[in-house]
file start.pdb (PDB, C-alpha atoms)
ATOM      1  CA  MET A   1     -40.887 -39.226 -16.812
ATOM      2  CA  ASP A   2     -42.348 -41.573 -14.256
ATOM      3  CA  GLY A   3     -39.198 -43.429 -13.230
ATOM      4  CA  VAL A   4     -35.591 -42.852 -12.406
ATOM      5  CA  GLU A   5     -34.399 -45.367 -14.963
ATOM      6  CA  GLN A   6     -35.809 -43.510 -17.960
ATOM      7  CA  THR A   7     -33.587 -43.885 -21.015
ATOM      8  CA  ASN A   8     -33.137 -41.786 -24.144
ATOM      9  CA  GLU A   9     -35.442 -44.100 -26.092
ATOM     10  CA  SER A  10     -38.433 -42.930 -24.064
ATOM     11  CA  TRP A  11     -37.858 -39.196 -24.551
ATOM     12  CA  ARG A  12     -40.421 -37.728 -26.968
ATOM     13  CA  ILE A  13     -39.386 -34.688 -29.013
ATOM     14  CA  LEU A  14     -41.729 -32.555 -31.129
ATOM     15  CA  ILE A  15     -40.076 -30.489 -33.877
ATOM     16  CA  VAL A  16     -42.138 -27.564 -35.202
ATOM     17  CA  GLU A  17     -40.386 -26.558 -38.436
ATOM     18  CA  ASP A  18     -41.883 -25.632 -41.819
ATOM     19  CA  ASP A  19     -38.798 -26.625 -43.842
ATOM     20  CA  GLU A  20     -39.864 -30.224 -44.393
ATOM     21  CA  ARG A  21     -36.527 -31.421 -45.742
ATOM     22  CA  LEU A  22     -34.613 -29.909 -42.834
ATOM     23  CA  ALA A  23     -37.157 -31.278 -40.371
ATOM     24  CA  GLU A  24     -36.871 -34.796 -41.814
ATOM     25  CA  LEU A  25     -33.089 -34.722 -41.782
ATOM     26  CA  THR A  26     -33.121 -33.495 -38.181
ATOM     27  CA  ARG A  27     -35.580 -36.197 -37.192
ATOM     28  CA  GLU A  28     -33.429 -38.902 -38.781
ATOM     29  CA  TYR A  29     -30.356 -37.661 -36.929
ATOM     30  CA  LEU A  30     -32.087 -37.437 -33.555
ATOM     31  CA  GLU A  31     -33.764 -40.820 -33.957
ATOM     32  CA  SER A  32     -30.420 -42.380 -34.881
ATOM     33  CA  ASN A  33     -29.281 -41.143 -31.468
ATOM     34  CA  GLY A  34     -32.106 -42.784 -29.552
ATOM     35  CA  LEU A  35     -34.813 -40.106 -29.408
ATOM     36  CA  ALA A  36     -38.452 -40.497 -30.490
ATOM     37  CA  VAL A  37     -39.296 -37.581 -32.799
ATOM     38  CA  THR A  38     -42.522 -36.288 -34.351
ATOM     39  CA  LEU A  39     -42.895 -33.337 -36.730
ATOM     40  CA  GLU A  40     -45.288 -30.440 -37.223
ATOM     41  CA  THR A  41     -44.766 -28.155 -40.223
ATOM     42  CA  HIS A  42     -47.574 -25.636 -39.694
ATOM     43  CA  GLY A  43     -47.573 -23.109 -36.879
ATOM     44  CA  GLY A  44     -51.348 -23.041 -36.761
ATOM     45  CA  GLN A  45     -51.435 -26.680 -35.656
ATOM     46  CA  ALA A  46     -48.573 -26.532 -33.164
ATOM     47  CA  VAL A  47     -50.459 -25.336 -30.077
ATOM     48  CA  GLU A  48     -52.959 -28.195 -30.167
ATOM     49  CA  ARG A  49     -50.227 -30.733 -30.933
ATOM     50  CA  ILE A  50     -48.302 -29.616 -27.857
ATOM     51  CA  ARG A  51     -51.446 -29.530 -25.726
ATOM     52  CA  ASN A  52     -52.557 -33.021 -26.748
ATOM     53  CA  GLU A  53     -49.213 -34.823 -26.985
ATOM     54  CA  GLN A  54     -47.325 -33.175 -24.098
ATOM     55  CA  PRO A  55     -43.884 -34.058 -25.530
ATOM     56  CA  ASP A  56     -40.874 -34.124 -23.229
ATOM     57  CA  LEU A  57     -39.267 -31.312 -25.239
ATOM     58  CA  VAL A  58     -40.254 -29.002 -28.109
ATOM     59  CA  VAL A  59     -37.931 -27.657 -30.803
ATOM     60  CA  LEU A  60     -39.747 -24.577 -32.130
ATOM     61  CA  ASP A  61     -38.842 -22.531 -35.199
ATOM     62  CA  LEU A  62     -39.450 -18.797 -34.946
ATOM     63  CA  MET A  63     -40.769 -18.209 -38.482
ATOM     64  CA  LEU A  64     -43.717 -20.473 -39.293
ATOM     65  CA  PRO A  65     -46.799 -20.363 -41.530
ATOM     66  CA  GLY A  66     -50.065 -19.859 -39.686
ATOM     67  CA  GLU A  67     -48.593 -18.693 -36.369
ATOM     68  CA  ASP A  68     -45.077 -17.645 -35.407
ATOM     69  CA  GLY A  69     -42.958 -19.316 -32.768
ATOM     70  CA  LEU A  70     -43.171 -16.439 -30.276
ATOM     71  CA  SER A  71     -46.965 -16.581 -30.248
ATOM     72  CA  ILE A  72     -46.948 -20.380 -29.960
ATOM     73  CA  CYS A  73     -44.501 -20.257 -27.046
ATOM     74  CA  ARG A  74     -46.608 -17.683 -25.209
ATOM     75  CA  ARG A  75     -49.853 -19.598 -25.765
ATOM     76  CA  VAL A  76     -48.601 -23.032 -24.661
ATOM     77  CA  ARG A  77     -46.849 -21.960 -21.466
ATOM     78  CA  PRO A  78     -50.022 -22.021 -19.308
ATOM     79  CA  PHE A  79     -50.403 -25.770 -19.922
ATOM     80  CA  TYR A  80     -46.959 -26.968 -21.038
ATOM     81  CA  GLN A  81     -44.017 -26.915 -18.607
ATOM     82  CA  GLY A  82     -41.498 -28.924 -20.623
ATOM     83  CA  PRO A  83     -38.385 -27.386 -22.213
ATOM     84  CA  ILE A  84     -38.756 -25.351 -25.408
ATOM     85  CA  ILE A  85     -35.719 -24.789 -27.612
ATOM     86  CA  MET A  86     -36.343 -21.983 -30.088
ATOM     87  CA  LEU A  87     -34.622 -21.749 -33.460
ATOM     88  CA  THR A  88     -33.805 -18.122 -34.295
ATOM     89  CA  ALA A  89     -31.881 -15.997 -36.763
ATOM     90  CA  ARG A  90     -28.259 -16.224 -35.680
ATOM     91  CA  THR A  91     -27.589 -12.478 -35.323
ATOM     92  CA  ASP A  92     -30.996 -11.255 -34.161
ATOM     93  CA  ASP A  93     -30.610 -10.605 -30.420
ATOM     94  CA  LEU A  94     -34.119  -9.154 -30.234
ATOM     95  CA  ASP A  95     -35.647 -12.449 -31.360
ATOM     96  CA  GLN A  96     -33.632 -14.296 -28.736
ATOM     97  CA  VAL A  97     -34.682 -11.969 -25.920
ATOM     98  CA  LEU A  98     -38.328 -12.020 -27.009
ATOM     99  CA  GLY A  99     -38.236 -15.812 -27.164
ATOM    100  CA  LEU A 100     -36.931 -16.017 -23.598
ATOM    101  CA  GLU A 101     -39.528 -13.525 -22.421
ATOM    102  CA  MET A 102     -42.268 -15.634 -24.004
ATOM    103  CA  GLY A 103     -41.010 -18.672 -22.068
ATOM    104  CA  ALA A 104     -38.429 -20.375 -24.274
ATOM    105  CA  ASP A 105     -35.731 -22.262 -22.351
ATOM    106  CA  ASP A 106     -32.926 -22.066 -24.895
ATOM    107  CA  TYR A 107     -32.291 -20.887 -28.428
ATOM    108  CA  ILE A 108     -30.072 -21.968 -31.298
ATOM    109  CA  GLY A 109     -29.096 -19.868 -34.301
ATOM    110  CA  LYS A 110     -29.980 -21.064 -37.767
ATOM    111  CA  PRO A 111     -28.687 -22.833 -39.785
ATOM    112  CA  VAL A 112     -28.877 -25.532 -37.148
ATOM    113  CA  LYS A 113     -26.029 -27.989 -36.700
ATOM    114  CA  PRO A 114     -27.559 -31.361 -35.737
ATOM    115  CA  ARG A 115     -24.779 -32.137 -33.255
ATOM    116  CA  VAL A 116     -25.338 -28.837 -31.460
ATOM    117  CA  LEU A 117     -29.084 -29.412 -31.338
ATOM    118  CA  LEU A 118     -28.601 -32.937 -29.986
ATOM    119  CA  ALA A 119     -26.198 -31.671 -27.312
ATOM    120  CA  ARG A 120     -28.643 -28.969 -26.200
ATOM    121  CA  ILE A 121     -31.539 -31.436 -26.117
ATOM    122  CA  ARG A 122     -29.528 -33.912 -24.066
ATOM    123  CA  ALA A 123     -28.462 -31.165 -21.647
ATOM    124  CA  MET A 124     -32.100 -30.166 -21.102
ATOM    125  CA  LEU A 125     -33.281 -33.736 -20.612
ATOM    126  CA  ARG A 126     -30.327 -34.559 -18.368
ATOM    127  CA  ARG A 127     -31.373 -31.859 -15.904
ATOM    128  CA  ILE A 128     -34.862 -33.354 -15.753
ATOM    129  CA  THR A 129     -33.385 -36.802 -15.104
ATOM    130  CA  GLU A 130     -31.101 -35.377 -12.418
ATOM    131  CA  GLY A 131     -34.130 -33.916 -10.699
ATOM    132  CA  ILE A 132     -35.799 -37.340 -10.660
ATOM    133  CA  GLN A 133     -32.594 -39.005  -9.482
ATOM    134  CA  GLY A 134     -32.255 -36.361  -6.785
ATOM    135  CA  GLY A 135     -35.462 -37.597  -5.179
ATOM    136  CA  ALA A 136     -33.988 -41.085  -4.934
ATOM    137  CA  ASP A 137     -30.771 -39.687  -3.447
ATOM    138  CA  GLU A 138     -32.691 -37.815  -0.767
ATOM    139  CA  ALA A 139     -34.557 -41.005   0.131
ATOM    140  CA  LYS A 140     -31.145 -42.617   0.720
ATOM    141  CA  GLY A 141     -30.122 -39.761   3.000
ATOM    142  CA  GLU A 142     -27.829 -38.135   0.458
ATOM    143  CA  GLU A 143     -27.835 -34.572  -0.911
ATOM    144  CA  PRO A 144     -31.044 -32.704   0.062
ATOM    145  CA  VAL A 145     -33.300 -31.734  -2.804
ATOM    146  CA  ARG A 146     -35.757 -29.443  -1.001
ATOM    147  CA  LEU A 147     -34.727 -25.970   0.094
ATOM    148  CA  GLN A 148     -36.825 -23.577   2.158
ATOM    149  CA  PHE A 149     -36.321 -19.859   2.651
ATOM    150  CA  ASN A 150     -39.141 -18.619   4.878
ATOM    151  CA  ASP A 151     -42.213 -18.635   2.615
ATOM    152  CA  LEU A 152     -40.345 -19.914  -0.467
ATOM    153  CA  VAL A 153     -39.830 -23.645  -1.042
ATOM    154  CA  VAL A 154     -37.867 -25.124  -3.977
ATOM    155  CA  ASP A 155     -37.933 -28.882  -4.626
ATOM    156  CA  ARG A 156     -35.491 -30.352  -7.155
ATOM    157  CA  SER A 157     -36.979 -33.855  -7.261
ATOM    158  CA  MET A 158     -40.435 -32.518  -8.144
ATOM    159  CA  ARG A 159     -38.975 -29.594 -10.130
ATOM    160  CA  GLU A 160     -41.485 -27.311  -8.457
ATOM    161  CA  ALA A 161     -41.448 -24.263  -6.216
ATOM    162  CA  TRP A 162     -44.034 -22.768  -3.875
ATOM    163  CA  LEU A 163     -44.550 -19.306  -2.422
ATOM    164  CA  ASN A 164     -46.840 -19.133   0.617
ATOM    165  CA  ASP A 165     -47.944 -22.694  -0.216
ATOM    166  CA  GLU A 166     -49.019 -21.614  -3.712
ATOM    167  CA  SER A 167     -47.368 -23.333  -6.684
ATOM    168  CA  ILE A 168     -45.148 -21.031  -8.770
ATOM    169  CA  ASP A 169     -45.506 -21.222 -12.552
ATOM    170  CA  LEU A 170     -41.919 -21.697 -13.779
ATOM    171  CA  THR A 171     -40.555 -22.876 -17.090
ATOM    172  CA  SER A 172     -37.967 -25.643 -17.045
ATOM    173  CA  ALA A 173     -35.100 -23.179 -17.566
ATOM    174  CA  GLU A 174     -36.445 -20.806 -14.925
ATOM    175  CA  PHE A 175     -36.608 -23.627 -12.408
ATOM    176  CA  ASP A 176     -33.038 -24.685 -13.227
ATOM    177  CA  LEU A 177     -31.791 -21.140 -12.664
ATOM    178  CA  LEU A 178     -33.773 -20.713  -9.447
ATOM    179  CA  TRP A 179     -32.443 -24.013  -8.085
ATOM    180  CA  LEU A 180     -28.868 -23.107  -9.020
ATOM    181  CA  LEU A 181     -29.103 -19.757  -7.251
ATOM    182  CA  ALA A 182     -30.990 -21.106  -4.223
ATOM    183  CA  SER A 183     -28.647 -24.066  -3.740
ATOM    184  CA  ASN A 184     -25.762 -21.578  -3.670
ATOM    185  CA  ALA A 185     -27.535 -19.139  -1.346
ATOM    186  CA  GLY A 186     -25.138 -16.647   0.216
ATOM    187  CA  ARG A 187     -22.590 -16.956  -2.595
ATOM    188  CA  VAL A 188     -22.271 -14.675  -5.606
ATOM    189  CA  LEU A 189     -22.460 -16.613  -8.871
ATOM    190  CA  SER A 190     -20.953 -14.978 -11.921
ATOM    191  CA  ARG A 191     -22.777 -14.988 -15.227
ATOM    192  CA  GLU A 192     -20.003 -17.221 -16.548
ATOM    193  CA  GLU A 193     -20.634 -19.819 -13.818
ATOM    194  CA  ILE A 194     -24.390 -19.710 -14.324
ATOM    195  CA  PHE A 195     -24.190 -19.873 -18.111
ATOM    196  CA  THR A 196     -21.782 -22.811 -18.099
ATOM    197  CA  ALA A 197     -23.778 -24.716 -15.478
ATOM    198  CA  LEU A 198     -27.102 -24.288 -17.260
ATOM    199  CA  ARG A 199     -26.181 -24.438 -20.928
ATOM    200  CA  GLY A 200     -22.940 -26.396 -20.914
ATOM    201  CA  ILE A 201     -21.178 -23.967 -23.240
ATOM    202  CA  GLU A 202     -18.769 -21.095 -22.684
ATOM    203  CA  TYR A 203     -20.225 -17.662 -21.946
ATOM    204  CA  ASP A 204     -19.452 -15.155 -24.716
ATOM    205  CA  GLY A 205     -20.055 -12.036 -22.632
ATOM    206  CA  GLN A 206     -22.951 -10.906 -24.834
ATOM    207  CA  ASP A 207     -25.735 -13.369 -24.118
ATOM    208  CA  ARG A 208     -28.619 -11.821 -22.139
ATOM    209  CA  SER A 209     -30.557 -14.979 -21.365
ATOM    210  CA  ILE A 210     -29.527 -15.119 -17.689
ATOM    211  CA  ASP A 211     -30.602 -11.511 -17.090
ATOM    212  CA  VAL A 212     -33.934 -12.078 -18.848
ATOM    213  CA  ARG A 213     -34.661 -15.176 -16.766
ATOM    214  CA  VAL A 214     -33.755 -13.478 -13.493
ATOM    215  CA  SER A 215     -36.135 -10.633 -14.379
ATOM    216  CA  ARG A 216     -38.907 -13.186 -15.012
ATOM    217  CA  ILE A 217     -38.233 -15.170 -11.833
ATOM    218  CA  ARG A 218     -38.144 -12.234  -9.408
ATOM    219  CA  PRO A 219     -41.853 -11.331  -9.435
ATOM    220  CA  LYS A 220     -42.815 -15.017  -9.404
ATOM    221  CA  ILE A 221     -41.014 -15.562  -6.085
ATOM    222  CA  GLY A 222     -42.385 -12.388  -4.540
ATOM    223  CA  ASP A 223     -39.277 -10.300  -5.148
ATOM    224  CA  ASP A 224     -39.392  -6.600  -5.989
ATOM    225  CA  PRO A 225     -38.106  -6.203  -9.582
ATOM    226  CA  ILE A 226     -36.921  -2.636  -8.857
ATOM    227  CA  HIS A 227     -35.411  -3.200  -5.387
ATOM    228  CA  PRO A 228     -34.904  -6.982  -5.151
ATOM    229  CA  ARG A 229     -34.274  -8.522  -1.748
ATOM    230  CA  ARG A 230     -34.135 -12.208  -2.661
ATOM    231  CA  ILE A 231     -32.089 -12.299  -5.882
ATOM    232  CA  LYS A 232     -29.669  -9.391  -5.843
ATOM    233  CA  THR A 233     -27.593  -8.145  -8.759
ATOM    234  CA  VAL A 234     -23.982  -7.666  -7.688
ATOM    235  CA  ARG A 235     -22.490  -5.104 -10.044
ATOM    236  CA  SER A 236     -19.695  -6.452 -12.275
ATOM    237  CA  LYS A 237     -19.876  -9.829 -10.516
ATOM    238  CA  GLY A 238     -23.171 -11.641 -10.977
ATOM    239  CA  TYR A 239     -26.158 -12.674  -8.869
ATOM    240  CA  LEU A 240     -26.613 -13.444  -5.183
ATOM    241  CA  PHE A 241     -29.489 -15.417  -3.689
ATOM    242  CA  VAL A 242     -30.016 -14.041  -0.181
ATOM    243  CA  LYS A 243     -30.643 -16.687   2.480
ATOM    244  CA  GLU A 244     -32.709 -14.450   4.751
ATOM    245  CA  ALA A 245     -34.639 -12.100   2.495
TER
END
call {"tool": "encode", "arguments": {"input": "start.pdb", "output": "structure tokens"}}
result
Amino acid sequence: MDGVEQTNESWRILIVEDDERLAELTREYLESNGLAVTLETHGGQAVERIRNEQPDLVVLDLMLPGEDGLSICRRVRPFYQGPIIMLTARTDDLDQVLGLEMGADDYIGKPVKPRVLLARIRAMLRRITEGIQGGADEAKGEEPVRLQFNDLVVDRSMREAWLNDESIDLTSAEFDLLWLLASNAGRVLSREEIFTALRGIEYDGQDRSIDVRVSRIRPKIGDDPIHPRRIKTVRSKGYLFVKEA
């Protein structure tokens, strides 16, 4: 991710999936669409693979031999900031919420449709590219990519945020949500708007991922989870990022 002109061929994807046939078929499909894919079939090896290889994105199955996906996600987050897409049981909302709380950026119900997985991967990687491109735009005097709200600074080109000059540990999805809210400071964003902007699919009214992420972001940016001043919940409407908190 060192240059603005990065193409799909340079994106490195690690799939952690114990169903070897499914993993191979998924790899073939993704590689036929220009992505570089490696596989890991044992959960016990996944943490070190992610630590050593630092892929651009991880596709992580929930149920794995050796170590489950939730544990892997929790353990890698201190040293891996790239997107993690978790594969979960389609109807198990608890798994989805737990995955998000452990630091997953997105989730897809199994059985996985390759086209859906490819679309989600591209959406994640596109946001990273847009952050890089944003730095070039700012250099040309175009749309600003750094926002400051008193002691909080959010920088889209670097995809980083700071509170009192201390770096904030955010996952890729958490940063995307924080940037979306901060760049619309003073305006209420509905869950539908947020969901569509971040995931590129229609909101079904049941998904709790936005609420889970907001609850994770608040303490990281110095907000009070019980009586928030910076990211306010507007009943029946959505979320409001307050300019002067």
call {"tool": "residues_around", "arguments": {"input": "start.pdb", "residues": "Asn184 (chain A)", "least_positions_apart": "3", "cutoff": "12 Å", "atoms": "all atoms listed in the file", "output": "JSON, numbers by chain"}}
result
{"A": [147, 177, 178, 179, 180, 181, 187, 188, 189, 190, 193, 194, 231, 239, 240, 241, 242, 243]}
call {"tool": "write_last_selection", "arguments": {"input": "start.pdb", "atoms": "C-alpha atoms", "output": "PDB file, in the coordinates of the input"}}
result
ATOM      1  CA  LEU A 147     -34.727 -25.970   0.094  1.00  0.00           C
ATOM      2  CA  LEU A 177     -31.791 -21.140 -12.664  1.00  0.00           C
ATOM      3  CA  LEU A 178     -33.773 -20.713  -9.447  1.00  0.00           C
ATOM      4  CA  TRP A 179     -32.443 -24.013  -8.085  1.00  0.00           C
ATOM      5  CA  LEU A 180     -28.868 -23.107  -9.020  1.00  0.00           C
ATOM      6  CA  LEU A 181     -29.103 -19.757  -7.251  1.00  0.00           C
ATOM      7  CA  ARG A 187     -22.590 -16.956  -2.595  1.00  0.00           C
ATOM      8  CA  VAL A 188     -22.271 -14.675  -5.606  1.00  0.00           C
ATOM      9  CA  LEU A 189     -22.460 -16.613  -8.871  1.00  0.00           C
ATOM     10  CA  SER A 190     -20.953 -14.978 -11.921  1.00  0.00           C
ATOM     11  CA  GLU A 193     -20.634 -19.819 -13.818  1.00  0.00           C
ATOM     12  CA  ILE A 194     -24.390 -19.710 -14.324  1.00  0.00           C
ATOM     13  CA  ILE A 231     -32.089 -12.299  -5.882  1.00  0.00           C
ATOM     14  CA  TYR A 239     -26.158 -12.674  -8.869  1.00  0.00           C
ATOM     15  CA  LEU A 240     -26.613 -13.444  -5.183  1.00  0.00           C
ATOM     16  CA  PHE A 241     -29.489 -15.417  -3.689  1.00  0.00           C
ATOM     17  CA  VAL A 242     -30.016 -14.041  -0.181  1.00  0.00           C
ATOM     18  CA  LYS A 243     -30.643 -16.687   2.480  1.00  0.00           C
TER      19      LYS A 243
END
call {"tool": "resolve_selection", "arguments": {"input": "start.pdb", "expression": "the PyMOL selection byres ((chain A and resi 35-48) around 9)", "output": "PyMOL selection string"}}
result
chain A and resi 8-20+23-24+27-28+30-34+49-53+61+63-69+72-73+75-76
call {"tool": "atom_distance", "arguments": {"input": "start.pdb", "atom1": "CA of Trp162 (chain A)", "atom2": "CA of Ile221 (chain A)"}}
result
8.1 Å
call {"tool": "residues_around", "arguments": {"input": "start.pdb", "residues": "region 78-83 of chain A", "least_positions_apart": "2", "cutoff": "7 Å", "atoms": "all atoms listed in the file", "output": "list in words"}}
result
Arg51, Gln54, Asp56, Leu57, Val58, Arg75, Val76, Ile85, Asp105, Met124, Thr171 and Ser172 of chain A
call {"tool": "write_last_selection", "arguments": {"input": "start.pdb", "atoms": "C-alpha atoms", "output": "PDB file, keeping the file's coordinate frame"}}
result
ATOM      1  CA  ARG A  51     -51.446 -29.530 -25.726  1.00  0.00           C
ATOM      2  CA  GLN A  54     -47.325 -33.175 -24.098  1.00  0.00           C
ATOM      3  CA  ASP A  56     -40.874 -34.124 -23.229  1.00  0.00           C
ATOM      4  CA  LEU A  57     -39.267 -31.312 -25.239  1.00  0.00           C
ATOM      5  CA  VAL A  58     -40.254 -29.002 -28.109  1.00  0.00           C
ATOM      6  CA  ARG A  75     -49.853 -19.598 -25.765  1.00  0.00           C
ATOM      7  CA  VAL A  76     -48.601 -23.032 -24.661  1.00  0.00           C
ATOM      8  CA  ILE A  85     -35.719 -24.789 -27.612  1.00  0.00           C
ATOM      9  CA  ASP A 105     -35.731 -22.262 -22.351  1.00  0.00           C
ATOM     10  CA  MET A 124     -32.100 -30.166 -21.102  1.00  0.00           C
ATOM     11  CA  THR A 171     -40.555 -22.876 -17.090  1.00  0.00           C
ATOM     12  CA  SER A 172     -37.967 -25.643 -17.045  1.00  0.00           C
TER      13      SER A 172
END
call {"tool": "atom_distance", "arguments": {"input": "start.pdb", "atom1": "CA of Thr233 (chain A)", "atom2": "CA of Phe149 (chain A)"}}
result
18.5 Å
call {"tool": "residues_near_point", "arguments": {"input": "start.pdb", "point": "(-42.1, -17.7, 5.1)", "cutoff": "10 Å", "atoms": "all atoms listed in the file", "output": "PyMOL selection string"}}
result
chain A and resi 148-153+163-165+244-245
call {"tool": "axis_aligned_box", "arguments": {"input": "start.pdb", "around": "region 182-186 of chain A", "padding_each_side": "6 Å", "output": "lines of an AutoDock Vina configuration file"}}
result
center_x = -28.1
center_y = -20.4
center_z = -2.0
size_x = 17.9
size_y = 19.4
size_z = 16.4
call {"tool": "residues_around", "arguments": {"input": "start.pdb", "residues": "Gly109 (chain A)", "least_positions_apart": "3", "cutoff": "12 Å", "atoms": "all atoms listed in the file", "output": "list in words"}}
result
Leu60, Asp61, Leu62, Ile85, Met86, Leu87, Thr88, Ala89, Arg90, Thr91, Asp92, Asp93, Asp95, Gln96, Asp106, Val112, Lys113, Pro114, Val116 and Leu117 of chain A
call {"tool": "atom_distance", "arguments": {"input": "start.pdb", "atom1": "CA of Tyr107 (chain A)", "atom2": "CA of Ile84 (chain A)"}}
result
8.4 Å
call {"tool": "residues_around", "arguments": {"input": "start.pdb", "residues": "Ser209 (chain A)", "least_positions_apart": "4", "cutoff": "7 Å", "atoms": "only C-alpha atoms", "output": "list in words"}}
result
Val97, Leu100 and Arg213 of chain A
call {"tool": "closest_residue", "arguments": {"input": "start.pdb", "among": "A:Ile168, A:Arg115, A:Ile217, A:Asp155", "to": "Tyr29 (chain A)", "atoms": "all atoms listed in the file"}}
result
A:Arg115
call {"tool": "closest_residue", "arguments": {"input": "start.pdb", "among": "A:Lys220, A:Arg156, A:Lys232, A:Arg74", "to": "Leu98 (chain A)", "atoms": "only C-alpha atoms"}}
result
A:Arg74
call {"tool": "closest_residue", "arguments": {"input": "start.pdb", "among": "A:Ile226, A:Leu118, A:Thr129, A:Leu94", "to": "Thr26 (chain A)", "atoms": "only C-alpha atoms"}}
result
A:Leu118
call {"tool": "closest_residue", "arguments": {"input": "start.pdb", "among": "A:Lys110, A:Arg122, A:Arg127, A:Arg191", "to": "Ser157 (chain A)", "atoms": "all atoms listed in the file"}}
result
A:Arg127
